[in-house]
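A short write-up of the structure that comes next.
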Amino acid sequence: MPSRPEWTERVLKDTALQFGSLDLDRHAFFFDFDGTLAELVDDPADVRLADELRRDLLALSARTNGAVAIITGRHRAEITPLLGDIIPIAGLHGTDFPGDVANDPGLAERVSAVRPLIEQLTTLVEANPGTILEDKGQGLALHWRAAPDKGELMTHAAEQALATLGPRWRMQPGKCVAELRPVGDDKGVALHRFMALPAFAGRRPVAFGDDLNDLPMLQAARDSGGLAIALGERNLPADLRLPGPSTLAAWLAERLAA
Ligand SMILES: [Mg+2]
């Protein structure tokens with residue numbers, strides 16, 4: 001075990017006590033990706049998942065007979081190369097649920113509504129170094145983690161884009177990011193949908209998230225008799241708080257070794 005700062009050891013001891021009640025036979029585990037399993041990075045394209053954590057997530061899935069899922073704001077197709085296809089992934093905050101997007105008649109309409117905005121906002125981010133435009137197909141996100149002084153400008157641009165898209169769209173604020181996505185499913189809906197599947201049914205959900213878009217998922221876990229676990233500095237309503245992804249990864253490694 002690599003040495004860790006003393007505070008991390010303290011957090012892990014407390015966490016181990018709290019997690020002592022988690023039962024791999026009776027709980028189901030739901031993880032956000034960015035800021036929860038992986039550290040936040042300036043450019044979302046640079047995100048990495050540690051090999052040890054990937055291995056432990058697969059082990060957790062095996063130990064729970066498949067009661068592990070990822071619920072992310074990204075496309076499923078972005079996470080699959082990092083994690084493989086054993087653990088199910090709901091993308092785009094639940095809009096991109098395994099098995100049903102291909103049949104969604106509104107998908108092409110939503111994708112075409114976003115295209116003109118991608119062109120406009122590309123010009124904006126090119127004029128503002130450190131800002132990034134993420135094309136999510138049926139949505140988009142403006143990032144300014146590497147240019148914090150551009151937050152107001154980017155938020156305003158996102159608000160204008162939202163006005164163009166109309167009432168069937170919403171803006172999802174986050175950490176140095178503003179995202180435009182269709183009104184409809186959220187991460188809480190995705191959690192409930194997973195819980196209806198055979199691998200999850202009858203278990204109690206435990207949800208891990210770090211940002212505002214995780215709130216519906218954290219609430220859904222509590223509403224289903226489970227636990228909400230928040231990571232990072234945001235004061236999200238939760239049953240337990242962890243400093244960040246490295247603590248979660250360390251806990252998981254210890255829990256699986258027990
Ligand atoms: Mg996150």
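The way I read the labels, and the way they are meant: chains A, B, ... in the order of the structure tokens, residue 1 as the first residue of every chain, and ligand 1 as the first ligand shown, with later ones counted on from there.
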Inset, instruction - Please write out the residues within 10 Å of ligand 1 as a PyMOL selection string, counting only C-alpha atoms and all ligand atoms. - result: chain A and resi 31-40+71-74+174-175+208-214+230-232
Selected residues, N, CA and C atoms, written as a PDB file, in the first residue's frame, please.
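As written to disk, part.pdb reads:
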```pdb
ATOM      1  N   PHE A  31     -22.027   5.032  -9.847  1.00  0.00           N
ATOM      2  CA  PHE A  31     -20.954   6.012  -9.820  1.00  0.00           C
ATOM      3  C   PHE A  31     -21.097   7.017 -10.959  1.00  0.00           C
ATOM      4  N   ASP A  32     -21.015   8.298 -10.611  1.00  0.00           N
ATOM      5  CA  ASP A  32     -20.695   9.321 -11.603  1.00  0.00           C
ATOM      6  C   ASP A  32     -19.262   9.061 -12.070  1.00  0.00           C
ATOM      7  N   PHE A  33     -18.862   9.669 -13.178  1.00  0.00           N
ATOM      8  CA  PHE A  33     -17.497   9.402 -13.664  1.00  0.00           C
ATOM      9  C   PHE A  33     -16.541  10.552 -13.307  1.00  0.00           C
ATOM     10  N   ASP A  34     -16.694  11.715 -13.985  1.00  0.00           N
ATOM     11  CA  ASP A  34     -15.739  12.817 -13.791  1.00  0.00           C
ATOM     12  C   ASP A  34     -15.883  13.434 -12.402  1.00  0.00           C
ATOM     13  N   GLY A  35     -14.790  13.517 -11.683  1.00  0.00           N
ATOM     14  CA  GLY A  35     -14.824  14.095 -10.343  1.00  0.00           C
ATOM     15  C   GLY A  35     -15.207  13.086  -9.278  1.00  0.00           C
ATOM     16  N   THR A  36     -15.594  11.889  -9.692  1.00  0.00           N
ATOM     17  CA  THR A  36     -15.983  10.834  -8.747  1.00  0.00           C
ATOM     18  C   THR A  36     -15.045   9.631  -8.884  1.00  0.00           C
ATOM     19  N   LEU A  37     -15.000   9.050 -10.084  1.00  0.00           N
ATOM     20  CA  LEU A  37     -14.039   7.967 -10.328  1.00  0.00           C
ATOM     21  C   LEU A  37     -12.728   8.520 -10.877  1.00  0.00           C
ATOM     22  N   ALA A  38     -12.827   9.578 -11.665  1.00  0.00           N
ATOM     23  CA  ALA A  38     -11.632  10.171 -12.292  1.00  0.00           C
ATOM     24  C   ALA A  38     -11.491  11.617 -11.831  1.00  0.00           C
ATOM     25  N   GLU A  39     -10.251  12.035 -11.640  1.00  0.00           N
ATOM     26  CA  GLU A  39     -10.001  13.434 -11.270  1.00  0.00           C
ATOM     27  C   GLU A  39     -10.447  14.343 -12.417  1.00  0.00           C
ATOM     28  N   LEU A  40     -10.947  15.526 -12.061  1.00  0.00           N
ATOM     29  CA  LEU A  40     -11.311  16.514 -13.078  1.00  0.00           C
ATOM     30  C   LEU A  40     -10.059  17.000 -13.786  1.00  0.00           C
ATOM     31  N   ILE A  71     -23.235   6.300 -14.183  1.00  0.00           N
ATOM     32  CA  ILE A  71     -24.217   7.256 -14.692  1.00  0.00           C
ATOM     33  C   ILE A  71     -23.482   8.575 -14.876  1.00  0.00           C
ATOM     34  N   THR A  72     -23.249   8.943 -16.129  1.00  0.00           N
ATOM     35  CA  THR A  72     -22.352  10.044 -16.452  1.00  0.00           C
ATOM     36  C   THR A  72     -23.015  11.065 -17.365  1.00  0.00           C
ATOM     37  N   GLY A  73     -22.479  12.268 -17.373  1.00  0.00           N
ATOM     38  CA  GLY A  73     -22.923  13.270 -18.332  1.00  0.00           C
ATOM     39  C   GLY A  73     -22.310  13.082 -19.707  1.00  0.00           C
ATOM     40  N   ARG A  74     -21.301  12.242 -19.795  1.00  0.00           N
ATOM     41  CA  ARG A  74     -20.654  11.997 -21.084  1.00  0.00           C
ATOM     42  C   ARG A  74     -21.463  11.010 -21.929  1.00  0.00           C
ATOM     43  N   GLY A 174     -22.275  23.340 -13.724  1.00  0.00           N
ATOM     44  CA  GLY A 174     -21.369  22.422 -13.030  1.00  0.00           C
ATOM     45  C   GLY A 174     -20.098  23.140 -12.650  1.00  0.00           C
ATOM     46  N   LYS A 175     -19.075  22.358 -12.330  1.00  0.00           N
ATOM     47  CA  LYS A 175     -17.795  22.944 -11.929  1.00  0.00           C
ATOM     48  C   LYS A 175     -17.052  23.438 -13.157  1.00  0.00           C
ATOM     49  N   PHE A 208     -22.717   7.578  -5.780  1.00  0.00           N
ATOM     50  CA  PHE A 208     -21.549   8.430  -5.556  1.00  0.00           C
ATOM     51  C   PHE A 208     -21.531   9.526  -6.623  1.00  0.00           C
ATOM     52  N   GLY A 209     -21.474  10.796  -6.188  1.00  0.00           N
ATOM     53  CA  GLY A 209     -21.416  11.885  -7.164  1.00  0.00           C
ATOM     54  C   GLY A 209     -20.754  13.115  -6.584  1.00  0.00           C
ATOM     55  N   ASP A 210     -20.347  14.031  -7.460  1.00  0.00           N
ATOM     56  CA  ASP A 210     -19.577  15.194  -6.988  1.00  0.00           C
ATOM     57  C   ASP A 210     -20.141  16.535  -7.431  1.00  0.00           C
ATOM     58  N   ASP A 211     -21.196  16.554  -8.256  1.00  0.00           N
ATOM     59  CA  ASP A 211     -21.590  17.849  -8.823  1.00  0.00           C
ATOM     60  C   ASP A 211     -23.111  17.977  -8.872  1.00  0.00           C
ATOM     61  N   LEU A 212     -23.563  19.158  -9.273  1.00  0.00           N
ATOM     62  CA  LEU A 212     -25.005  19.441  -9.231  1.00  0.00           C
ATOM     63  C   LEU A 212     -25.813  18.467 -10.076  1.00  0.00           C
ATOM     64  N   ASN A 213     -25.243  18.022 -11.191  1.00  0.00           N
ATOM     65  CA  ASN A 213     -26.006  17.103 -12.043  1.00  0.00           C
ATOM     66  C   ASN A 213     -26.197  15.732 -11.390  1.00  0.00           C
ATOM     67  N   ASP A 214     -25.493  15.495 -10.276  1.00  0.00           N
ATOM     68  CA  ASP A 214     -25.663  14.235  -9.553  1.00  0.00           C
ATOM     69  C   ASP A 214     -26.795  14.288  -8.530  1.00  0.00           C
ATOM     70  N   ALA A 230     -21.303  11.947  -1.321  1.00  0.00           N
ATOM     71  CA  ALA A 230     -20.832  13.082  -2.114  1.00  0.00           C
ATOM     72  C   ALA A 230     -19.319  13.190  -2.043  1.00  0.00           C
ATOM     73  N   LEU A 231     -18.710  13.527  -3.172  1.00  0.00           N
ATOM     74  CA  LEU A 231     -17.270  13.736  -3.230  1.00  0.00           C
ATOM     75  C   LEU A 231     -16.979  15.202  -3.497  1.00  0.00           C
ATOM     76  N   GLY A 232     -15.810  15.645  -3.031  1.00  0.00           N
ATOM     77  CA  GLY A 232     -15.353  16.981  -3.384  1.00  0.00           C
ATOM     78  C   GLY A 232     -15.930  18.073  -2.507  1.00  0.00           C
TER      79      GLY A 232
END
```
Which residues of region 76-106 of chain A come within 10 Å of region 188-207 of chain A, and what is each one's closest atom pair and distance in Å (one decimal), counting only C-alpha atoms, sorted by chain and residue number, as a tab-separated table?
```
residue	atom	partner	partner_atom	distance
A:Pro88	CA	A:Phe194	CA	9.0
A:Ile89	CA	A:Ala190	CA	9.7
A:Ala90	CA	A:Ala190	CA	6.8
A:Gly91	CA	A:Ala190	CA	9.1
A:His93	CA	A:Ala190	CA	7.6
A:Gly94	CA	A:Ala190	CA	4.9
A:Thr95	CA	A:Ala190	CA	8.0
A:Asp96	CA	A:Ala190	CA	9.2
A:Phe97	CA	A:Ala190	CA	7.2
A:Pro98	CA	A:Phe194	CA	9.7
```
Given the selection you just returned, output its residues as a file containing N, CA and C atoms, formatted as a tab-separated table (two decimals), in the first residue's frame.
```
chain	number	residue	atom	x	y	z
A	88	PRO	N	-22.49	-1.66	-17.02
A	88	PRO	CA	-23.39	-0.84	-17.84
A	88	PRO	C	-23.19	0.65	-17.56
A	89	ILE	N	-23.35	1.45	-18.60
A	89	ILE	CA	-23.14	2.89	-18.52
A	89	ILE	C	-24.37	3.60	-19.06
A	90	ALA	N	-24.91	4.54	-18.28
A	90	ALA	CA	-25.92	5.47	-18.80
A	90	ALA	C	-25.22	6.78	-19.07
A	91	GLY	N	-25.31	7.28	-20.30
A	91	GLY	CA	-24.63	8.51	-20.68
A	91	GLY	C	-25.58	9.69	-20.75
A	93	HIS	N	-26.41	12.03	-18.83
A	93	HIS	CA	-27.28	12.20	-17.65
A	93	HIS	C	-28.50	11.28	-17.68
A	94	GLY	N	-28.38	10.18	-18.38
A	94	GLY	CA	-29.49	9.21	-18.41
A	94	GLY	C	-30.25	9.20	-19.72
A	95	THR	N	-30.08	10.25	-20.54
A	95	THR	CA	-30.76	10.28	-21.84
A	95	THR	C	-30.25	9.16	-22.74
A	96	ASP	N	-28.97	8.83	-22.57
A	96	ASP	CA	-28.30	7.83	-23.39
A	96	ASP	C	-28.24	6.53	-22.59
A	97	PHE	N	-29.41	5.89	-22.42
A	97	PHE	CA	-29.50	4.68	-21.58
A	97	PHE	C	-29.23	3.45	-22.44
A	98	PRO	N	-28.53	2.47	-21.89
A	98	PRO	CA	-28.18	1.30	-22.71
A	98	PRO	C	-29.40	0.72	-23.42
```
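Shortest separation to Arg26 (chain A) among A:Pro182, A:Pro105, A:Pro81, A:Gly225 occurs at residue A:Gly225, atoms counted being only C-alpha atoms.
The interatomic distance for the pair CA of Trp169 (chain A) and CA of Val183 (chain A) works out to 4.9 Å.
Using only C-alpha atoms, the smallest distance between any of A:Leu83, A:Leu142, A:Ala158, A:Ile229 and Glu52 (chain A) comes from A:Leu83.
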Inset, instruction - Between CA of Gly137 (chain A) and CA of Leu180 (chain A), measure the distance and give it in Å to one decimal. - result: 10.8 Å
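From CA of Ser246 (chain A) back to CA of Arg48 (chain A), the distance works out to 12.6 Å.
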Inset, instruction - Could you give me, as a ChimeraX atom specification, each residue of region 68-197 of chain A that DSSP assigns to alpha helix (DSSP H) when run on this structure's backbone? - result: /A:76-83,107-126,151-165,187-195
Please list as a compact mmCIF listing (two decimals) with all heavy atoms, in the first residue's frame every residue within 8 Å of Arg110 (chain A), counting only C-alpha atoms and excluding residues in the same chain fewer than 2 positions away.
```txt
# COMPACT_ATOMS: atom_id res chain seq x y z
N GLY A 106 -36.76 11.33 -31.42
CA GLY A 106 -36.39 12.73 -31.26
C GLY A 106 -34.89 12.99 -31.37
O GLY A 106 -34.46 14.14 -31.39
N LEU A 107 -34.11 11.91 -31.44
CA LEU A 107 -32.66 12.07 -31.40
C LEU A 107 -32.13 12.92 -32.56
O LEU A 107 -31.39 13.89 -32.35
CB LEU A 107 -31.98 10.69 -31.40
CG LEU A 107 -30.46 10.69 -31.46
CD1 LEU A 107 -29.86 11.42 -30.27
CD2 LEU A 107 -29.93 9.25 -31.51
N ALA A 108 -32.53 12.59 -33.79
CA ALA A 108 -32.02 13.32 -34.96
C ALA A 108 -32.41 14.79 -34.89
O ALA A 108 -31.61 15.69 -35.23
CB ALA A 108 -32.56 12.69 -36.24
N SER A 112 -29.72 17.89 -34.74
CA SER A 112 -29.69 18.94 -35.76
C SER A 112 -29.95 20.32 -35.15
O SER A 112 -29.46 21.33 -35.65
CB SER A 112 -30.66 18.64 -36.90
OG SER A 112 -31.96 18.58 -36.41
N ALA A 113 -30.67 20.37 -34.04
CA ALA A 113 -30.90 21.66 -33.38
C ALA A 113 -29.60 22.23 -32.81
O ALA A 113 -29.41 23.45 -32.74
CB ALA A 113 -31.93 21.49 -32.26
N VAL A 114 -28.71 21.34 -32.42
CA VAL A 114 -27.46 21.77 -31.77
C VAL A 114 -26.41 22.21 -32.81
O VAL A 114 -25.55 23.03 -32.52
CB VAL A 114 -26.92 20.63 -30.88
CG1 VAL A 114 -25.52 20.90 -30.39
CG2 VAL A 114 -27.86 20.41 -29.69
N GLN A 138 -26.47 15.40 -28.98
CA GLN A 138 -27.75 16.02 -28.64
C GLN A 138 -27.55 16.94 -27.43
O GLN A 138 -28.32 16.90 -26.46
CB GLN A 138 -28.81 14.98 -28.39
CG GLN A 138 -28.41 13.89 -27.45
CD GLN A 138 -29.53 12.91 -27.21
OE1 GLN A 138 -30.70 13.24 -27.21
NE2 GLN A 138 -29.17 11.65 -27.00
N GLY A 139 -26.55 17.76 -27.50
CA GLY A 139 -26.25 18.71 -26.43
C GLY A 139 -24.82 19.22 -26.59
O GLY A 139 -24.09 18.79 -27.50
N PRO A 182 -31.21 18.22 -23.36
CA PRO A 182 -32.66 18.17 -23.49
C PRO A 182 -33.33 18.03 -22.13
O PRO A 182 -32.80 17.36 -21.24
CB PRO A 182 -32.91 16.92 -24.34
CG PRO A 182 -31.59 16.54 -24.92
CD PRO A 182 -30.54 17.09 -24.01
```
Inset, instruction - Give the answer as one residue: which of A:Lys187, A:Arg76, A:Arg63, A:His143 has the shortest atom-to-atom distance to Ala221 (chain A), using only C-alpha atoms? - result: A:Lys187
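If you measure from each of A:Ala28, A:Leu256, A:Ile87, A:Leu140 to Gly226 (chain A) using only C-alpha atoms, the closest one turns out to be A:Ala28.
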